[in-house]
file query_21.csv (CSV, C-alpha atoms)
chain,number,residue,atom,x,y,z
A,1,MET,CA,-19.4,-3.7,24.3
A,2,ARG,CA,-19.6,-0.4,26.1
A,3,SER,CA,-19.3,2.6,23.9
A,4,VAL,CA,-15.9,4.3,24.2
A,5,ARG,CA,-16.0,8.1,23.7
A,6,ASN,CA,-12.9,9.5,22.3
A,7,PRO,CA,-11.3,12.9,22.7
A,8,GLY,CA,-11.3,15.3,19.7
A,9,VAL,CA,-14.0,17.0,17.8
A,10,PRO,CA,-16.2,14.9,15.5
A,11,PRO,CA,-17.2,16.3,12.1
A,12,GLY,CA,-20.5,18.2,11.8
A,13,ARG,CA,-22.0,15.9,9.1
A,14,PRO,CA,-21.7,12.3,8.0
A,15,LEU,CA,-19.0,11.4,5.4
A,16,GLY,CA,-21.7,10.3,3.0
A,17,ASP,CA,-23.2,13.8,3.0
A,18,ALA,CA,-19.8,15.3,2.3
A,19,LEU,CA,-19.2,12.9,-0.6
A,20,ALA,CA,-22.5,14.0,-2.1
A,21,GLU,CA,-21.3,17.6,-2.1
A,22,GLY,CA,-17.8,17.2,-3.4
A,23,THR,CA,-14.4,15.4,-3.3
A,24,VAL,CA,-12.9,14.5,0.1
A,25,VAL,CA,-9.1,13.9,0.5
A,26,LEU,CA,-7.9,10.8,2.3
A,27,ASP,CA,-4.5,10.4,4.0
A,28,GLY,CA,-1.6,8.4,2.7
A,29,GLY,CA,0.4,5.4,3.9
A,30,LEU,CA,0.7,5.2,7.7
A,31,SER,CA,3.6,2.8,7.7
A,32,ASN,CA,5.9,4.9,5.5
A,33,GLN,CA,5.2,8.0,7.6
A,34,LEU,CA,6.0,6.0,10.8
A,35,ARG,CA,9.2,4.8,9.3
A,36,ALA,CA,10.1,8.4,8.3
A,37,GLN,CA,9.6,9.2,12.0
A,38,GLY,CA,12.2,6.6,12.9
A,39,CYS,CA,9.9,3.7,13.9
A,40,ASP,CA,10.8,0.1,13.6
A,41,LEU,CA,8.0,-1.8,11.9
A,42,SER,CA,9.7,-5.2,11.4
A,43,ASP,CA,7.4,-6.9,13.9
A,44,ALA,CA,4.6,-9.1,12.4
A,45,LEU,CA,2.1,-6.6,13.9
A,46,TRP,CA,3.5,-3.9,11.7
A,47,SER,CA,2.2,-0.5,12.6
A,48,ALA,CA,-0.3,-2.0,15.1
A,49,ARG,CA,2.5,-2.7,17.5
A,50,LEU,CA,2.9,1.0,18.1
A,51,LEU,CA,-0.7,1.1,19.5
A,52,ALA,CA,0.8,-0.6,22.5
A,53,ASP,CA,4.4,0.6,22.4
A,54,ALA,CA,4.4,4.1,21.1
A,55,PRO,CA,0.9,5.5,20.4
A,56,GLU,CA,2.3,9.0,20.3
A,57,GLN,CA,4.1,8.1,17.1
A,58,ILE,CA,0.8,7.1,15.5
A,59,GLU,CA,-0.8,10.3,16.5
A,60,ALA,CA,2.1,12.3,15.1
A,61,ALA,CA,1.8,10.4,11.8
A,62,HIS,CA,-1.9,11.3,11.6
A,63,THR,CA,-1.1,14.9,12.4
A,64,ALA,CA,1.4,15.0,9.5
A,65,TYR,CA,-1.4,14.1,7.1
A,66,VAL,CA,-3.8,16.6,8.6
A,67,ARG,CA,-1.2,19.3,8.0
A,68,ALA,CA,-0.8,18.0,4.4
A,69,GLY,CA,-4.5,18.6,3.7
A,70,ALA,CA,-6.1,15.2,4.5
A,71,GLN,CA,-9.7,15.3,5.6
A,72,VAL,CA,-10.0,11.6,6.4
A,73,LEU,CA,-7.6,9.8,8.7
A,74,ILE,CA,-7.5,6.0,8.5
A,75,THR,CA,-6.7,4.3,11.9
A,76,ALA,CA,-3.8,2.1,12.7
A,77,SER,CA,-6.0,-1.0,13.1
A,78,TYR,CA,-5.4,-2.5,9.7
A,79,GLN,CA,-3.2,-5.3,11.2
A,80,ALA,CA,-4.6,-5.0,14.8
A,81,THR,CA,-6.4,-8.2,15.6
A,82,PHE,CA,-7.1,-10.2,18.7
A,83,GLU,CA,-5.2,-13.1,17.3
A,84,GLY,CA,-2.1,-11.0,16.5
A,85,PHE,CA,-2.1,-9.3,19.9
A,86,GLY,CA,-2.6,-12.7,21.5
A,87,ARG,CA,0.6,-14.0,20.0
A,88,ARG,CA,2.4,-11.2,21.8
A,89,GLY,CA,0.8,-12.2,25.1
A,90,ILE,CA,-1.8,-9.4,25.1
A,91,GLY,CA,-5.1,-10.5,26.5
A,92,ARG,CA,-8.5,-9.8,24.9
A,93,ASP,CA,-9.5,-7.0,27.2
A,94,ARG,CA,-6.3,-5.1,26.6
A,95,ALA,CA,-6.4,-5.9,22.9
A,96,ALA,CA,-9.9,-4.5,22.6
A,97,GLU,CA,-8.7,-1.3,24.3
A,98,LEU,CA,-5.8,-1.0,21.9
A,99,ILE,CA,-8.0,-1.5,18.8
A,100,ALA,CA,-10.6,1.0,20.1
A,101,GLY,CA,-7.8,3.4,21.0
A,102,SER,CA,-6.7,3.6,17.4
A,103,VAL,CA,-9.8,5.7,16.8
A,104,GLY,CA,-9.0,8.1,19.6
A,105,LEU,CA,-5.5,8.7,18.3
A,106,ALA,CA,-6.8,9.7,14.9
A,107,ARG,CA,-9.5,11.8,16.5
A,108,ARG,CA,-7.0,13.8,18.6
A,109,ALA,CA,-4.8,14.4,15.6
A,110,GLY,CA,-7.8,15.7,13.7
A,111,ALA,CA,-8.7,18.1,16.5
A,112,VAL,CA,-5.6,20.2,15.9
A,113,THR,CA,-7.3,21.9,12.9
A,114,GLY,CA,-10.6,23.8,12.6
A,115,ARG,CA,-11.4,21.8,9.5
A,116,GLU,CA,-13.8,18.8,9.4
A,117,ILE,CA,-11.8,15.6,9.8
A,118,TRP,CA,-13.4,12.2,9.6
A,119,VAL,CA,-12.0,9.1,11.2
A,120,ALA,CA,-12.1,5.9,9.3
A,121,ALA,CA,-11.5,2.8,11.4
A,122,SER,CA,-9.5,0.4,9.3
A,123,VAL,CA,-10.7,-3.2,9.0
A,124,GLY,CA,-8.0,-5.1,7.1
A,125,PRO,CA,-8.5,-8.5,5.5
A,126,TYR,CA,-7.9,-11.8,7.2
A,127,GLY,CA,-4.6,-12.1,5.2
A,128,ALA,CA,-3.1,-9.1,7.0
A,129,MET,CA,-3.2,-11.0,10.3
A,130,LEU,CA,-1.1,-13.7,8.7
A,131,ALA,CA,1.6,-11.2,7.9
A,132,ASP,CA,2.8,-13.3,4.9
A,133,GLY,CA,1.3,-11.3,1.9
A,134,SER,CA,-1.9,-13.4,1.9
A,135,GLU,CA,-4.0,-10.2,1.4
A,136,TYR,CA,-2.5,-10.0,-2.1
A,137,ARG,CA,-3.9,-13.5,-2.9
A,138,GLY,CA,-7.1,-14.1,-1.0
A,139,ARG,CA,-8.9,-17.5,-1.1
A,140,TYR,CA,-7.6,-18.5,2.3
A,141,GLY,CA,-9.5,-21.8,2.4
A,142,LEU,CA,-12.0,-20.4,5.0
A,143,THR,CA,-15.7,-20.5,4.8
A,144,GLY,CA,-17.8,-17.4,4.9
A,145,ARG,CA,-18.9,-18.1,8.5
A,146,GLU,CA,-15.3,-18.5,9.5
A,147,LEU,CA,-14.4,-15.2,8.0
A,148,GLU,CA,-17.4,-13.6,9.8
A,149,ARG,CA,-16.2,-15.1,13.1
A,150,PHE,CA,-12.7,-13.6,12.6
A,151,HIS,CA,-13.9,-10.1,11.6
A,152,ARG,CA,-16.8,-9.6,14.1
A,153,PRO,CA,-14.9,-9.0,17.3
A,154,ARG,CA,-12.6,-6.4,15.8
A,155,VAL,CA,-15.5,-4.6,14.1
A,156,GLU,CA,-17.3,-4.6,17.4
A,157,ALA,CA,-14.3,-3.1,19.2
A,158,LEU,CA,-13.9,-0.4,16.5
A,159,VAL,CA,-17.6,0.5,16.4
A,160,ALA,CA,-17.7,0.9,20.2
A,161,ALA,CA,-15.0,3.7,19.7
A,162,ASP,CA,-17.4,5.8,17.6
A,163,PRO,CA,-15.5,6.2,14.3
A,164,ASP,CA,-17.2,8.1,11.5
A,165,VAL,CA,-16.9,5.2,9.1
A,166,LEU,CA,-15.4,1.8,8.8
A,167,ALA,CA,-12.8,1.3,6.0
A,168,LEU,CA,-13.2,-2.3,4.8
A,169,GLU,CA,-10.0,-2.1,2.9
A,170,THR,CA,-7.4,-4.1,0.8
A,171,VAL,CA,-10.0,-6.8,0.4
A,172,PRO,CA,-8.6,-9.4,-2.1
A,173,ASP,CA,-11.8,-11.3,-3.1
A,174,ILE,CA,-15.5,-11.3,-3.2
A,175,ASP,CA,-16.0,-14.0,-0.6
A,176,GLU,CA,-14.3,-11.9,2.1
A,177,ALA,CA,-16.2,-8.7,0.9
A,178,GLU,CA,-19.5,-10.5,1.3
A,179,ALA,CA,-18.5,-11.8,4.8
A,180,LEU,CA,-17.5,-8.3,5.9
A,181,LEU,CA,-20.7,-6.8,4.7
A,182,ARG,CA,-22.8,-9.4,6.5
A,183,VAL,CA,-20.9,-8.5,9.7
A,184,VAL,CA,-21.2,-4.8,9.5
A,185,ARG,CA,-25.0,-5.0,8.9
A,186,GLU,CA,-25.2,-6.1,12.5
A,187,PHE,CA,-23.8,-2.7,13.6
A,188,GLN,CA,-25.5,-0.3,11.3
A,189,VAL,CA,-22.4,1.9,10.7
A,190,PRO,CA,-21.4,3.5,7.4
A,191,VAL,CA,-18.6,1.8,5.6
A,192,TRP,CA,-16.6,2.0,2.4
A,193,LEU,CA,-15.5,-1.2,0.6
A,194,SER,CA,-12.2,-1.1,-1.1
A,195,TYR,CA,-10.6,-4.0,-3.0
A,196,THR,CA,-6.9,-4.6,-3.9
A,197,VAL,CA,-6.8,-5.5,-7.6
A,198,ALA,CA,-4.5,-6.7,-10.3
A,199,GLY,CA,-5.4,-5.4,-13.7
A,200,ASP,CA,-9.2,-5.7,-14.2
A,201,ARG,CA,-9.7,-8.4,-11.5
A,202,THR,CA,-9.5,-8.8,-7.8
A,203,ARG,CA,-6.3,-10.3,-6.4
A,204,ALA,CA,-8.2,-13.6,-6.3
A,205,GLY,CA,-8.9,-13.3,-10.0
A,206,GLN,CA,-12.6,-12.3,-10.0
A,207,PRO,CA,-13.9,-9.7,-12.5
A,208,LEU,CA,-14.2,-6.3,-11.0
A,209,GLU,CA,-17.8,-6.0,-12.3
A,210,GLU,CA,-18.8,-8.8,-10.0
A,211,ALA,CA,-16.7,-7.5,-7.1
A,212,PHE,CA,-18.2,-4.0,-7.1
A,213,ALA,CA,-21.7,-5.4,-7.6
A,214,VAL,CA,-21.9,-6.7,-4.1
A,215,ALA,CA,-22.0,-3.1,-2.8
A,216,ALA,CA,-24.6,-1.9,-5.2
A,217,GLY,CA,-27.6,-2.6,-3.0
A,218,ALA,CA,-25.9,-2.1,0.4
A,219,ASP,CA,-27.2,1.2,1.9
A,220,GLN,CA,-24.4,1.2,4.5
A,221,VAL,CA,-21.7,1.4,1.8
A,222,VAL,CA,-21.0,5.1,1.2
A,223,ALA,CA,-18.2,4.5,-1.3
A,224,VAL,CA,-16.7,1.6,-3.2
A,225,GLY,CA,-13.4,1.3,-5.0
A,226,VAL,CA,-9.8,0.2,-4.8
A,227,ASN,CA,-6.7,0.7,-2.7
A,228,CYS,CA,-3.2,-0.8,-2.3
A,229,CYS,CA,-2.7,-1.3,-6.0
A,230,ASP,CA,-0.7,0.2,-8.8
A,231,PRO,CA,-1.9,3.8,-9.7
A,232,ALA,CA,-2.3,2.7,-13.4
A,233,GLU,CA,-4.6,-0.1,-12.3
A,234,ALA,CA,-6.7,2.3,-10.3
A,235,ASP,CA,-7.6,4.3,-13.4
A,236,ARG,CA,-9.9,1.7,-15.0
A,237,ALA,CA,-11.1,0.4,-11.7
A,238,VAL,CA,-12.6,3.8,-10.8
A,239,GLU,CA,-14.7,3.8,-14.0
A,240,VAL,CA,-15.9,0.2,-13.4
A,241,ALA,CA,-16.8,0.9,-9.8
A,242,ALA,CA,-18.8,4.0,-10.7
A,243,ALA,CA,-20.7,2.2,-13.5
A,244,VAL,CA,-21.5,-0.9,-11.5
A,245,ALA,CA,-22.2,0.2,-8.0
A,246,GLY,CA,-23.8,3.6,-8.7
A,247,LYS,CA,-22.0,5.0,-5.6
A,248,PRO,CA,-19.2,7.5,-5.0
A,249,VAL,CA,-15.9,5.9,-5.7
A,250,VAL,CA,-13.0,5.6,-3.2
A,251,VAL,CA,-9.5,5.3,-4.7
A,252,TYR,CA,-6.1,5.3,-2.9
A,253,PRO,CA,-3.4,3.4,-4.7
A,254,ASN,CA,0.2,2.7,-3.6
A,255,SER,CA,3.2,4.5,-4.9
A,256,GLY,CA,3.6,2.1,-7.8
A,257,GLU,CA,6.4,0.1,-6.2
A,258,GLU,CA,5.9,-3.6,-5.5
A,259,TRP,CA,5.8,-5.3,-2.1
A,260,ASP,CA,8.2,-8.3,-1.7
A,261,ALA,CA,6.4,-10.4,1.0
A,262,GLU,CA,9.4,-12.7,1.6
A,263,ARG,CA,11.9,-9.8,2.1
A,264,ARG,CA,9.2,-7.6,3.7
A,265,GLY,CA,10.3,-4.6,1.5
A,266,TRP,CA,9.4,-2.5,-1.5
A,267,THR,CA,11.1,-2.8,-4.9
A,268,GLY,CA,10.9,-0.8,-8.2
A,269,GLN,CA,10.1,2.9,-8.9
A,270,GLY,CA,7.3,5.0,-7.7
A,271,THR,CA,4.7,6.2,-10.3
A,272,PHE,CA,2.2,7.9,-8.1
A,273,ASP,CA,1.2,11.2,-9.8
A,274,PRO,CA,-1.2,13.5,-7.8
A,275,GLY,CA,-2.4,14.8,-11.2
A,276,ARG,CA,-4.3,11.6,-11.7
A,277,VAL,CA,-6.9,12.9,-9.2
A,278,ARG,CA,-8.6,14.9,-11.9
A,279,ASP,CA,-9.2,11.9,-14.1
A,280,TRP,CA,-10.4,9.9,-11.1
A,281,GLN,CA,-12.8,12.7,-10.2
A,282,ARG,CA,-14.2,12.9,-13.8
A,283,ALA,CA,-14.8,9.1,-13.6
A,284,GLY,CA,-16.7,9.3,-10.4
A,285,ALA,CA,-14.1,9.3,-7.5
A,286,ARG,CA,-15.1,11.4,-4.5
A,287,LEU,CA,-12.8,9.9,-1.8
A,288,VAL,CA,-9.2,10.1,-3.0
A,289,GLY,CA,-5.8,9.6,-1.4
A,290,GLY,CA,-2.9,7.2,-1.3
A,291,CYS,CA,-1.9,4.0,0.3
A,292,CYS,CA,1.6,2.4,0.9
A,293,ARG,CA,4.6,4.6,0.2
A,294,VAL,CA,2.4,7.6,-0.5
A,295,GLY,CA,3.4,10.3,2.0
A,296,PRO,CA,2.3,13.7,3.2
A,297,SER,CA,4.0,15.6,0.3
A,298,GLU,CA,2.0,13.5,-2.3
A,299,ILE,CA,-1.2,14.0,-0.4
A,300,ALA,CA,-0.6,17.8,-0.3
A,301,GLY,CA,0.0,17.7,-4.0
A,302,LEU,CA,-3.2,15.7,-4.6
A,303,ALA,CA,-5.3,18.1,-2.4
A,304,ALA,CA,-3.9,21.0,-4.5
A,305,MET,CA,-4.6,19.3,-7.8
A,306,ARG,CA,-8.2,18.1,-7.3
A,307,GLU,CA,-10.9,19.9,-9.2
A,308,PRO,CA,-13.8,21.6,-7.4
A,309,THR,CA,-16.9,19.4,-7.4
A,310,GLY,CA,-20.5,19.9,-6.4
A,311,PRO,CA,-23.8,18.1,-6.1
call {"tool": "encode", "arguments": {"input": "query_21.csv", "output": "structure tokens"}}
result
Amino acid sequence: MRSVRNPGVPPGRPLGDALAEGTVVLDGGLSNQLRAQGCDLSDALWSARLLADAPEQIEAAHTAYVRAGAQVLITASYQATFEGFGRRGIGRDRAAELIAGSVGLARRAGAVTGREIWVAASVGPYGAMLADGSEYRGRYGLTGRELERFHRPRVEALVAADPDVLALETVPDIDEAEALLRVVREFQVPVWLSYTVAGDRTRAGQPLEEAFAVAAGADQVVAVGVNCCDPAEADRAVEVAAAVAGKPVVVYPNSGEEWDAERRGWTGQGTFDPGRVRDWQRAGARLVGGCCRVGPSEIAGLAAMREPTGP
């Protein structure tokens, strides 16, 4: 696939180098910011629908996080797949343009500031395409080769758009993590690997020690950790990831509310506390932020609360 150069100013150094020097702040949940902007996300494509229908809203959401202090912007490609776009009658060529375009939207938003802003191209799990909460269960009944065939085209489209890193995120089980790592080895691009967890296990029930171990010897993996989980679950996971993988840890939990897949809504009370960032840092976290229902105000608080770190 031909390389797609995006507008905006790329950072002056790789993200991995920045993580070796200190803590870098991620953005928060894209969907909640889009809803705050008045966007309807009831479609099965979720925020990815706006890549086709209202890309300016995605760019505005990214900009809100830049202004809040985020240094890494995660693209709106989490649920953007060739299969999902195909169900809406969007052909593969146009789908590839939309997926790659998610990188350009984040790059333009990052260009509004003189700070270094890295763009992380989101590679969501197979279950996100199903839009039925399967990413919180894993074990889809697919072989590793089938998972590779699903992920490869989207990874190719994203890599062609020159992101700074791929975010292999909200991965529910080891099988899918291993399939993703096999695919990205074909492209030689830096990645982070982030599981969604329940307690001390992946959503599929595997011990976190085994899950994080798959990244230990992978040079492409610049950080490993967790996202899209309860903030309390992230605390222990950061410690385990640092001890097992020997890499900088990435952590960006949800607000603490729970997702109801049948009703497609959130329930419960938020428990996200920006002050947790200091404990995460002490345990080895170097890439910190928020996921679903964590907005610009929480990211601003997190950026203000982090402790200075150095090599």
call {"tool": "closest_residue", "arguments": {"input": "query_21.csv", "among": "A:Gly138, A:Gly38, A:Pro11, A:Gly199", "to": "A:Asp173", "atoms": "only C-alpha atoms"}}
result
A:Gly138
call {"tool": "closest_atom_pairs", "arguments": {"input": "query_21.csv", "of": "stretch 50-91 of chain A", "to": "stretch 109-123 of chain A", "cutoff": "6 Å", "atoms": "all atoms listed in the file", "output": "JSON lines"}}
result
{"residue": "A:Glu59", "atom": "CA", "partner": "A:Ala109", "partner_atom": "CA", "distance": 5.8}
{"residue": "A:His62", "atom": "CA", "partner": "A:Ala109", "partner_atom": "CA", "distance": 5.8}
{"residue": "A:Thr63", "atom": "CA", "partner": "A:Ala109", "partner_atom": "CA", "distance": 4.9}
{"residue": "A:Gln71", "atom": "CA", "partner": "A:Ile117", "partner_atom": "CA", "distance": 4.7}
{"residue": "A:Val72", "atom": "CA", "partner": "A:Trp118", "partner_atom": "CA", "distance": 4.7}
{"residue": "A:Leu73", "atom": "CA", "partner": "A:Val119", "partner_atom": "CA", "distance": 5.1}
{"residue": "A:Ile74", "atom": "CA", "partner": "A:Ala120", "partner_atom": "CA", "distance": 4.7}
{"residue": "A:Thr75", "atom": "CA", "partner": "A:Ala121", "partner_atom": "CA", "distance": 5.1}
{"residue": "A:Ser77", "atom": "CA", "partner": "A:Ser122", "partner_atom": "CA", "distance": 5.4}
{"residue": "A:Tyr78", "atom": "CA", "partner": "A:Ser122", "partner_atom": "CA", "distance": 5.0}
call {"tool": "residues_around", "arguments": {"input": "query_21.csv", "residues": "A:Gly124", "least_positions_apart": "5", "cutoff": "8 Å", "atoms": "all atoms listed in the file", "output": "ChimeraX atom specification"}}
result
/A:77-79,168-171
call {"tool": "atom_distance", "arguments": {"input": "query_21.csv", "atom1": "atom CA of A:Phe82", "atom2": "atom CA of A:Arg107"}}
result
22.2 Å
call {"tool": "closest_residue", "arguments": {"input": "query_21.csv", "among": "A:Gly101, A:Gly284, A:Gly84, A:Gly69", "to": "A:Glu298", "atoms": "all atoms listed in the file"}}
result
A:Gly69
call {"tool": "closest_residue", "arguments": {"input": "query_21.csv", "among": "A:Pro296, A:Ser255, A:Arg286, A:Ala20", "to": "A:Ala60", "atoms": "only C-alpha atoms"}}
result
A:Pro296
call {"tool": "closest_residue", "arguments": {"input": "query_21.csv", "among": "A:Ala80, A:Leu158, A:Val184, A:Ala198", "to": "A:Leu50", "atoms": "all atoms listed in the file"}}
result
A:Ala80
call {"tool": "closest_residue", "arguments": {"input": "query_21.csv", "among": "A:Ala161, A:Val294, A:Ala232, A:Ala216", "to": "A:Ala245", "atoms": "all atoms listed in the file"}}
result
A:Ala216
call {"tool": "closest_residue", "arguments": {"input": "query_21.csv", "among": "A:Glu56, A:Asp132, A:Asp162, A:Glu176", "to": "A:Pro190", "atoms": "all atoms listed in the file"}}
result
A:Asp162
call {"tool": "residues_around", "arguments": {"input": "query_21.csv", "residues": "A:Ala237", "least_positions_apart": "3", "cutoff": "9 Å", "atoms": "all atoms listed in the file", "output": "MDAnalysis selection string"}}
result
chainID A and resid 197 199:201 208 225:226 233:234 240:242 251
call {"tool": "write_last_selection", "arguments": {"input": "query_21.csv", "atoms": "C-alpha atoms", "output": "short mmCIF file (atom, residue, chain, number, x, y, z; two decimals), keeping the file's coordinate frame"}}
result
data_model
loop_
_atom_site.label_atom_id
_atom_site.label_comp_id
_atom_site.auth_asym_id
_atom_site.auth_seq_id
_atom_site.Cartn_x
_atom_site.Cartn_y
_atom_site.Cartn_z
CA VAL A 197 -6.80 -5.50 -7.60
CA GLY A 199 -5.40 -5.40 -13.70
CA ASP A 200 -9.20 -5.70 -14.20
CA ARG A 201 -9.70 -8.40 -11.50
CA LEU A 208 -14.20 -6.30 -11.00
CA GLY A 225 -13.40 1.30 -5.00
CA VAL A 226 -9.80 0.20 -4.80
CA GLU A 233 -4.60 -0.10 -12.30
CA ALA A 234 -6.70 2.30 -10.30
CA VAL A 240 -15.90 0.20 -13.40
CA ALA A 241 -16.80 0.90 -9.80
CA ALA A 242 -18.80 4.00 -10.70
CA VAL A 251 -9.50 5.30 -4.70
#
call {"tool": "atom_distance", "arguments": {"input": "query_21.csv", "atom1": "atom CA of A:Ala18", "atom2": "atom CA of A:Tyr252"}}
result
17.7 Å
